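For reference, model.cif is printed below; it contains mmCIF, C-alpha atoms.
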data_query
loop_
_atom_site.label_atom_id
_atom_site.label_comp_id
_atom_site.auth_asym_id
_atom_site.auth_seq_id
_atom_site.Cartn_x
_atom_site.Cartn_y
_atom_site.Cartn_z
CA THR A 12 -102.90 150.93 202.22
CA ALA A 13 -104.63 148.47 199.92
CA PHE A 14 -108.02 149.71 201.16
CA LEU A 15 -106.98 153.32 200.53
CA LEU A 16 -105.82 152.64 196.95
CA THR A 17 -108.94 150.63 196.14
CA THR A 18 -111.08 153.46 197.48
CA VAL A 19 -109.19 156.06 195.45
CA ILE A 20 -109.65 154.08 192.25
CA SER A 21 -113.33 153.29 192.80
CA LEU A 22 -114.25 156.85 193.73
CA SER A 23 -112.10 158.63 191.12
CA ALA A 24 -112.11 156.54 187.96
CA PRO A 25 -114.81 157.34 185.40
CA LYS A 26 -114.76 153.66 184.44
CA GLN A 27 -113.10 150.51 185.72
CA THR A 28 -109.30 150.87 185.71
CA SER A 29 -106.34 148.57 185.57
CA ALA A 30 -104.55 148.31 188.90
CA PHE A 31 -101.66 150.53 187.86
CA LEU A 32 -100.95 151.94 191.30
CA SER A 33 -97.67 150.58 192.63
CA PRO A 34 -94.77 151.88 194.71
CA SER A 35 -91.92 153.19 192.58
CA ASN A 36 -88.87 155.43 192.80
CA ALA A 37 -88.18 157.01 196.16
CA PHE A 38 -87.38 160.68 196.79
CA CYS A 39 -90.06 161.92 194.41
CA ARG A 40 -91.55 165.34 194.94
CA ALA A 41 -95.20 165.02 195.91
CA PRO A 42 -97.41 166.61 193.23
CA GLN A 43 -98.58 170.08 194.17
CA LEU A 44 -100.85 171.71 191.64
CA GLN A 45 -99.83 175.30 190.94
CA MET A 46 -102.41 177.98 190.19
CA SER A 47 -100.02 179.52 187.64
CA ALA A 48 -99.45 176.27 185.77
CA PRO A 49 -100.97 176.20 182.26
CA THR A 50 -104.07 174.09 181.78
CA TYR A 51 -104.07 170.97 179.62
CA GLU A 52 -105.95 172.88 176.92
CA GLU A 53 -103.40 175.70 176.99
CA VAL A 54 -100.50 173.26 176.70
CA MET A 55 -102.14 171.50 173.75
CA GLU A 56 -102.73 174.83 172.00
CA LYS A 57 -99.09 175.74 172.53
CA MET A 58 -98.02 172.39 171.07
CA LYS A 59 -100.29 172.90 168.05
CA ALA A 60 -98.84 176.36 167.49
CA LYS A 61 -95.34 174.92 167.55
CA ASP A 62 -96.30 172.15 165.10
CA LYS A 63 -97.35 174.85 162.64
CA THR A 64 -93.73 176.03 162.48
CA SER A 65 -92.60 172.64 161.13
CA VAL A 66 -90.25 173.22 158.19
CA ALA A 67 -91.32 171.71 154.85
CA LEU A 68 -88.69 169.61 153.05
CA SER A 69 -88.25 169.02 149.33
CA LYS A 70 -86.60 165.94 147.83
CA GLU A 71 -83.44 168.00 147.45
CA ASP A 72 -83.54 168.83 151.17
CA LEU A 73 -83.58 165.17 152.20
CA LYS A 74 -80.25 163.83 153.43
CA ILE A 75 -80.39 160.20 152.36
CA ILE A 76 -78.03 157.94 154.29
CA HIS A 77 -79.13 154.68 152.61
CA GLU A 78 -81.67 153.65 149.99
CA ASP A 79 -82.61 150.25 148.58
CA GLU A 80 -85.77 148.48 147.43
CA HIS A 81 -86.82 147.73 151.02
CA ILE A 82 -85.90 150.77 153.16
CA ILE A 83 -84.82 154.38 153.13
CA VAL A 84 -82.68 155.81 155.95
CA VAL A 85 -82.85 159.59 156.29
CA ASP A 86 -80.94 162.05 158.46
CA LYS A 87 -83.77 164.17 159.90
CA PRO A 88 -83.08 167.85 160.63
CA ALA A 89 -84.30 169.49 163.82
CA GLY A 90 -87.37 171.68 163.38
CA THR A 91 -89.45 169.32 161.21
CA LEU A 92 -92.18 166.98 162.41
CA CYS A 93 -91.31 163.33 161.85
CA VAL A 94 -94.89 162.36 160.93
CA PRO A 95 -97.90 164.54 160.07
CA ASP A 96 -100.11 165.86 162.86
CA ARG A 97 -103.90 166.08 162.62
CA ASP A 98 -103.62 169.49 160.96
CA GLY A 99 -101.43 168.15 158.17
CA ASN A 100 -98.39 170.30 158.91
CA PRO A 101 -95.21 169.53 156.93
CA SER A 102 -93.35 166.40 158.00
CA LEU A 103 -90.36 164.24 157.12
CA SER A 104 -92.51 161.19 156.34
CA ALA A 105 -94.65 163.20 153.91
CA ALA A 106 -91.52 164.46 152.15
CA VAL A 107 -90.07 160.93 151.91
CA PHE A 108 -93.36 159.55 150.57
CA GLU A 109 -93.65 162.30 147.98
CA ALA A 110 -90.05 161.73 146.85
CA PHE A 111 -89.96 157.92 146.84
CA GLY A 112 -93.47 156.52 147.37
CA CYS A 113 -94.12 153.04 148.79
CA GLU A 114 -95.77 149.76 147.79
CA SER A 115 -99.06 150.43 149.60
CA GLY A 116 -99.48 154.00 148.40
CA ASN A 117 -100.13 154.93 152.04
CA PRO A 118 -97.46 157.09 153.71
CA ASP A 119 -98.46 155.77 157.15
CA LYS A 120 -97.29 152.32 156.00
CA MET A 121 -93.73 153.66 155.71
CA VAL A 122 -93.37 154.64 159.37
CA ALA A 123 -91.75 152.26 161.87
CA HIS A 124 -90.57 154.78 164.49
CA ARG A 125 -90.33 158.51 164.98
CA LEU A 126 -88.28 161.31 166.49
CA GLY A 127 -89.51 164.46 168.20
CA MET A 128 -89.79 167.62 166.15
CA ASP A 129 -86.76 169.21 167.85
CA THR A 130 -84.63 166.05 167.66
CA SER A 131 -82.34 165.42 164.70
CA GLY A 132 -80.89 162.16 163.46
CA LEU A 133 -81.56 158.86 161.76
CA VAL A 134 -85.02 157.66 160.76
CA VAL A 135 -85.67 154.47 158.78
CA PHE A 136 -88.71 154.26 156.49
CA ALA A 137 -90.13 151.13 154.88
CA ARG A 138 -90.87 150.92 151.16
CA THR A 139 -92.83 147.65 151.20
CA ASN A 140 -95.56 146.13 153.35
CA ARG A 141 -93.24 143.31 154.37
CA ALA A 142 -90.51 145.76 155.34
CA VAL A 143 -92.76 147.84 157.60
CA SER A 144 -94.07 144.68 159.28
CA LYS A 145 -90.53 143.43 159.93
CA LEU A 146 -89.32 146.82 161.20
CA ASN A 147 -92.33 147.23 163.49
CA SER A 148 -91.55 143.82 164.97
CA GLU A 149 -87.90 144.76 165.50
CA PHE A 150 -88.82 147.95 167.37
CA ARG A 151 -91.59 146.27 169.36
CA ARG A 152 -89.27 143.47 170.51
CA ARG A 153 -86.51 145.98 171.36
CA LYS A 154 -84.13 144.50 168.83
CA VAL A 155 -83.14 147.93 167.49
CA ASP A 156 -80.10 149.67 168.97
CA ARG A 157 -80.52 153.46 169.14
CA LYS A 158 -77.55 155.55 170.21
CA TYR A 159 -78.10 159.24 170.77
CA GLU A 160 -75.56 161.99 171.31
CA VAL A 161 -76.72 164.70 173.71
CA VAL A 162 -75.33 167.65 175.59
CA VAL A 163 -76.63 168.03 179.13
CA CYS A 164 -76.33 170.89 181.58
CA GLY A 165 -73.72 170.59 184.32
CA ASP A 166 -70.85 168.25 185.09
CA VAL A 167 -71.87 164.58 185.07
CA GLU A 168 -69.55 162.89 187.58
CA SER A 169 -69.80 159.19 186.70
CA GLU A 170 -68.17 158.15 183.44
CA SER A 171 -71.01 155.75 182.65
CA GLY A 172 -74.14 154.33 184.21
CA LEU A 173 -77.77 153.33 183.90
CA MET A 174 -80.72 155.68 184.39
CA ASP A 175 -83.45 153.37 185.65
CA TYR A 176 -86.61 155.37 186.33
CA THR A 177 -90.19 154.19 186.00
CA ILE A 178 -92.15 156.99 184.31
CA GLN A 179 -95.81 157.97 183.97
CA ARG A 180 -98.02 160.82 182.80
CA ASP A 181 -97.86 163.85 185.06
CA ALA A 182 -101.09 165.06 186.69
CA GLU A 183 -99.50 168.48 187.16
CA ALA A 184 -98.46 168.87 183.55
CA LEU A 185 -100.40 166.71 181.11
CA PRO A 186 -99.59 165.42 178.55
CA TYR A 187 -95.97 165.37 179.76
CA MET A 188 -94.17 162.63 181.67
CA ARG A 189 -92.45 162.42 185.07
CA VAL A 190 -90.74 159.88 187.31
CA SER A 191 -93.44 157.71 188.82
CA SER A 192 -94.26 157.57 192.52
CA LEU A 193 -97.20 156.40 194.59
CA GLU A 194 -98.24 160.01 195.22
CA ALA A 195 -97.99 160.89 191.53
CA GLN A 196 -100.10 157.86 190.57
CA ILE A 197 -102.80 158.79 193.07
CA ALA A 198 -102.72 162.41 191.86
CA LEU A 199 -103.31 161.24 188.31
CA VAL A 200 -106.27 159.06 189.32
CA GLU A 201 -107.79 161.90 191.36
CA SER A 202 -107.13 164.67 188.83
CA GLY A 203 -110.74 164.83 187.60
CA LEU A 204 -110.00 163.94 183.97
CA SER A 205 -112.78 163.37 181.48
CA GLU A 206 -113.46 159.76 180.51
CA GLU A 207 -111.59 160.29 177.23
CA LEU A 208 -108.47 161.74 178.87
CA TYR A 209 -108.60 159.23 181.72
CA ALA A 210 -108.56 156.34 179.23
CA LYS A 211 -105.72 158.01 177.32
CA TYR A 212 -103.40 158.94 180.18
CA CYS A 213 -104.15 156.78 183.24
CA LYS A 214 -101.94 153.88 182.27
CA GLU A 215 -99.65 151.58 184.20
CA PRO A 216 -96.27 153.28 184.88
CA LEU A 217 -93.61 152.29 182.38
CA LYS A 218 -90.32 150.69 183.31
CA SER A 219 -87.72 152.79 181.48
CA MET A 220 -83.97 152.42 181.15
CA THR A 221 -81.30 154.58 179.52
CA GLU A 222 -77.60 153.72 179.46
CA TYR A 223 -75.17 156.63 179.35
CA GLU A 224 -71.47 157.17 178.72
CA VAL A 225 -69.56 160.44 179.03
CA LEU A 226 -67.88 161.56 175.80
CA GLY A 227 -66.40 164.80 177.12
CA LYS A 228 -66.74 167.94 179.23
CA GLU A 229 -67.32 171.35 177.63
CA GLU A 230 -68.64 174.84 178.31
CA LYS A 231 -71.58 176.71 176.81
CA ALA A 232 -72.06 180.37 177.71
CA GLY A 233 -69.29 179.88 180.26
CA LYS A 234 -71.29 177.15 182.02
CA ALA A 235 -70.31 173.50 182.41
CA VAL A 236 -71.96 170.97 180.10
CA THR A 237 -71.33 167.28 179.46
CA ARG A 238 -71.50 165.45 176.15
CA LEU A 239 -73.03 161.97 176.47
CA THR A 240 -73.90 158.95 174.39
CA LEU A 241 -77.31 157.61 175.42
CA ASN A 242 -78.60 154.16 174.59
CA SER A 243 -82.39 154.15 174.79
CA VAL A 244 -83.04 150.62 176.05
CA THR A 245 -86.82 150.96 176.29
CA GLY A 246 -87.73 153.87 173.99
CA ARG A 247 -90.59 155.43 175.98
CA THR A 248 -92.27 158.75 175.24
CA HIS A 249 -89.96 161.61 176.28
CA GLN A 250 -87.77 159.07 178.08
CA LEU A 251 -84.43 160.79 177.43
CA ASN A 252 -85.75 164.19 178.48
CA VAL A 253 -87.26 162.90 181.75
CA HIS A 254 -84.28 160.70 182.63
CA CYS A 255 -81.69 163.45 182.11
CA ALA A 256 -83.79 165.95 184.07
CA ALA A 257 -84.29 163.40 186.87
CA MET A 258 -80.54 162.75 186.97
CA GLY A 259 -80.14 166.46 187.69
CA HIS A 260 -78.71 167.30 184.28
CA PRO A 261 -81.43 168.48 181.87
CA ILE A 262 -80.66 168.31 178.17
CA ALA A 263 -79.21 171.57 176.87
CA GLY A 264 -81.90 173.58 175.11
CA ASP A 265 -84.78 171.55 176.56
CA THR A 266 -87.46 174.20 176.94
CA THR A 267 -90.07 171.66 178.10
CA TYR A 268 -88.37 169.52 180.77
CA GLY A 269 -85.70 172.12 181.56
CA ALA A 270 -85.85 175.57 183.15
CA GLY A 271 -89.05 177.49 182.45
CA GLY A 272 -90.71 174.52 180.74
CA ASP A 273 -94.27 173.35 181.22
CA ALA A 274 -93.21 169.91 182.52
CA THR A 275 -92.50 169.34 186.22
CA PRO A 276 -88.87 170.30 187.01
CA ASN A 277 -86.24 167.60 187.57
CA GLY A 278 -88.52 164.89 186.24
CA GLY A 279 -90.58 165.15 189.43
CA LEU A 280 -87.67 164.55 191.80
CA GLU A 281 -86.85 166.84 194.70
CA GLU A 282 -83.73 168.71 193.61
CA GLY A 283 -81.74 169.43 190.48
CA LYS A 284 -78.02 170.04 190.16
CA VAL A 285 -78.03 172.96 187.73
CA SER A 286 -79.67 176.32 188.44
CA GLU A 287 -82.45 177.63 186.23
CA GLU A 288 -80.28 180.65 185.41
CA ASP A 289 -77.45 178.46 184.14
CA GLN A 290 -79.86 176.29 182.15
CA LYS A 291 -81.32 179.35 180.43
CA SER A 292 -77.85 180.72 179.62
CA ILE A 293 -76.87 177.40 178.06
CA ALA A 294 -80.14 177.20 176.11
CA SER A 295 -79.58 180.66 174.65
CA ASP A 296 -76.09 179.62 173.55
CA VAL A 297 -76.96 176.29 171.90
CA ASN A 298 -80.23 177.58 170.38
CA ARG A 299 -81.68 174.08 169.89
CA LEU A 300 -82.48 170.87 171.73
CA CYS A 301 -79.16 169.03 171.86
CA VAL A 302 -80.37 165.52 171.01
CA HIS A 303 -79.24 163.65 167.89
CA LEU A 304 -79.87 160.00 166.98
CA LYS A 305 -76.41 159.20 165.64
CA SER A 306 -76.50 155.41 165.26
CA LEU A 307 -79.28 152.99 164.31
CA SER A 308 -78.75 149.20 164.18
CA PHE A 309 -81.34 146.58 163.22
CA LYS A 310 -81.91 143.45 161.13
CA HIS A 311 -82.47 144.48 157.53
CA PRO A 312 -86.00 143.40 156.50
CA GLY A 313 -84.77 142.28 153.08
CA THR A 314 -81.30 140.79 153.54
CA LYS A 315 -81.95 139.74 157.16
CA GLU A 316 -78.41 140.87 158.01
CA ARG A 317 -77.63 143.16 160.93
CA VAL A 318 -76.97 146.66 159.58
CA THR A 319 -75.77 149.86 161.22
CA TYR A 320 -76.22 153.40 159.91
CA GLU A 321 -74.51 156.44 161.38
CA SER A 322 -74.84 160.22 161.25
CA GLY A 323 -72.56 163.00 162.44
CA THR A 324 -73.82 165.13 165.32
CA PRO A 325 -74.57 168.73 164.20
CA PHE A 326 -73.92 170.42 167.55
#

Just give me the structure as structure tokens.
Amino acid sequence: TAFLLTTVISLSAPKQTSAFLSPSNAFCRAPQLQMSAPTYEEVMEKMKAKDKTSVALSKEDLKIIHEDEHIIVVDKPAGTLCVPDRDGNPSLSAAVFEAFGCESGNPDKMVAHRLGMDTSGLVVFARTNRAVSKLNSEFRRRKVDRKYEVVVCGDVESESGLMDYTIQRDAEALPYMRVSSLEAQIALVESGLSEELYAKYCKEPLKSMTEYEVLGKEEKAGKAVTRLTLNSVTGRTHQLNVHCAAMGHPIAGDTTYGAGGDATPNGGLEEGKVSEEDQKSIASDVNRLCVHLKSLSFKHPGTKERVTYESGTPF
């Protein structure tokens, strides 16, 4: 096996790679490239087109949860980019900078973390260079507690638990993520990426953990859904989406990792628990991605006290 993996890396990698191939979660579906799957370029164009729909916010539109000389905490609405993309489409950070400014005069120096365009909830921005440095350190060292409220498709049986899936980029659906497996790692190495994309996406799989607790059982469009609190322990790219899909309960309204999305179904695992038809019915009913960052706790960069900010869930 070691000889095989070494051969795969040496023959496939445009340049020397880190030894990121390692056995991971069992019961993963072996990657099978589909002729009908969109190309990487098509997916990126679709993402750019979506970014163009980002809703611009005025100062009056901003829902300020907390403001002091060090930080600003804002309740982000769904449908607005958190930070600007390369095309300069409207974003929350640009609106906050325009309304409040910051010590450096550089809006990038206000950003310590971000939420996806379709996710709503709490975002903290720094107003000083010291504050952004302290916040970046808090997030990097996983000292920030982030509690999300989500609605997922289907009936989650266990009242609480830990989703512990190592995740990686998906050779079948770049730039999206999937549960890692030996086959998926080899597929990524052998996918024929350019040197630029290989360096960007062929990384060591990421240990990822999400704690969950059931808040209640409901129905959307006559179909069972479950309301959860999720604690993102590790905060990886698309972690919540992949973990919920891999658990067999995609997030309601997830048009990427759920039914009909461009990402690999069920996070790359063999079988889901909710039919595509039911997922689509639920998505039509909720009409948004049901993810909201409702609680954010961290050490205040000015007072050095532990602070918690909260926001009501809009769905």

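CA of Val122 in chain A is positioned 18.9 Å from CA of Lys315 in chain A.
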
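All protein, DNA and RNA residues at most 10 Å from (-84.5, 175.2, 188.2) are Gly259, Pro261, Gly269, Ala270, Gly271, Gly272, Pro276, Asn277, Glu282, Gly283, Lys284, Val285, Ser286, Glu287, Glu288, Asp289, Gln290 and Lys291 of chain A, using all atoms listed in the file.
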
Excluding same-chain residues fewer than 2 positions from Thr221 in chain A, what lies within 6 Å of it counting all atoms listed in the file, as number ranges by chain? A: 173-174, 242-244

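If only C-alpha atoms are the atoms counted, then among A:Val190, A:Ser104, A:Glu215, A:Glu160 the closest residue to Leu280 in chain A is A:Val190.
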
Local residues around (-84.7, 165.2, 166.6), at most 8 Å away, using only C-alpha atoms, as a compact mmCIF listing (two decimals) with C-alpha atoms, in the frame of the given file:
# COMPACT_ATOMS: atom_id res chain seq x y z
CA LYS A 87 -83.77 164.17 159.90
CA PRO A 88 -83.08 167.85 160.63
CA ALA A 89 -84.30 169.49 163.82
CA GLY A 90 -87.37 171.68 163.38
CA LEU A 126 -88.28 161.31 166.49
CA GLY A 127 -89.51 164.46 168.20
CA MET A 128 -89.79 167.62 166.15
CA ASP A 129 -86.76 169.21 167.85
CA THR A 130 -84.63 166.05 167.66
CA SER A 131 -82.34 165.42 164.70
CA GLY A 132 -80.89 162.16 163.46
CA LEU A 300 -82.48 170.87 171.73
CA VAL A 302 -80.37 165.52 171.01
CA HIS A 303 -79.24 163.65 167.89
CA LEU A 304 -79.87 160.00 166.98

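Of the residues listed (A:Lys231, A:Lys59, A:Arg153, A:Arg317), A:Lys59 shows the shortest atom-to-atom separation from Asn100 in chain A; distances use all atoms listed in the file.
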
Taking the file as I've supplied it (selection: the PyMOL selection byres ((chain A and resi 183) around 10)), which residues are included? Please answer as an NGL selection string. :A and (42-45 or 48-51 or 180-182 or 184-189 or 195 or 198-199 or 202 or 273-275 or 279)

Selection result for the PyMOL selection byres ((chain A and resi 294) around 9) on this file, as a PDB file with C-alpha atoms, in the coordinates of the input:
ATOM      1  CA  LYS A 231     -71.580 176.710 176.810  1.00  0.00           C
ATOM      2  CA  ALA A 232     -72.060 180.370 177.710  1.00  0.00           C
ATOM      3  CA  ALA A 263     -79.210 171.570 176.870  1.00  0.00           C
ATOM      4  CA  GLY A 264     -81.900 173.580 175.110  1.00  0.00           C
ATOM      5  CA  ASP A 265     -84.780 171.550 176.560  1.00  0.00           C
ATOM      6  CA  THR A 266     -87.460 174.200 176.940  1.00  0.00           C
ATOM      7  CA  ASP A 289     -77.450 178.460 184.140  1.00  0.00           C
ATOM      8  CA  GLN A 290     -79.860 176.290 182.150  1.00  0.00           C
ATOM      9  CA  LYS A 291     -81.320 179.350 180.430  1.00  0.00           C
ATOM     10  CA  SER A 292     -77.850 180.720 179.620  1.00  0.00           C
ATOM     11  CA  ILE A 293     -76.870 177.400 178.060  1.00  0.00           C
ATOM     12  CA  SER A 295     -79.580 180.660 174.650  1.00  0.00           C
ATOM     13  CA  ASP A 296     -76.090 179.620 173.550  1.00  0.00           C
ATOM     14  CA  VAL A 297     -76.960 176.290 171.900  1.00  0.00           C
ATOM     15  CA  ASN A 298     -80.230 177.580 170.380  1.00  0.00           C
ATOM     16  CA  ARG A 299     -81.680 174.080 169.890  1.00  0.00           C
ATOM     17  CA  LEU A 300     -82.480 170.870 171.730  1.00  0.00           C
TER      18      LEU A 300
END

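Rounded to one decimal, CA of Ser219 in chain A and CA of Val162 in chain A lie 20.2 Å from each other.
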
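For the pair CA of Phe108 in chain A and CA of Thr324 in chain A, the separation is 25.1 Å.
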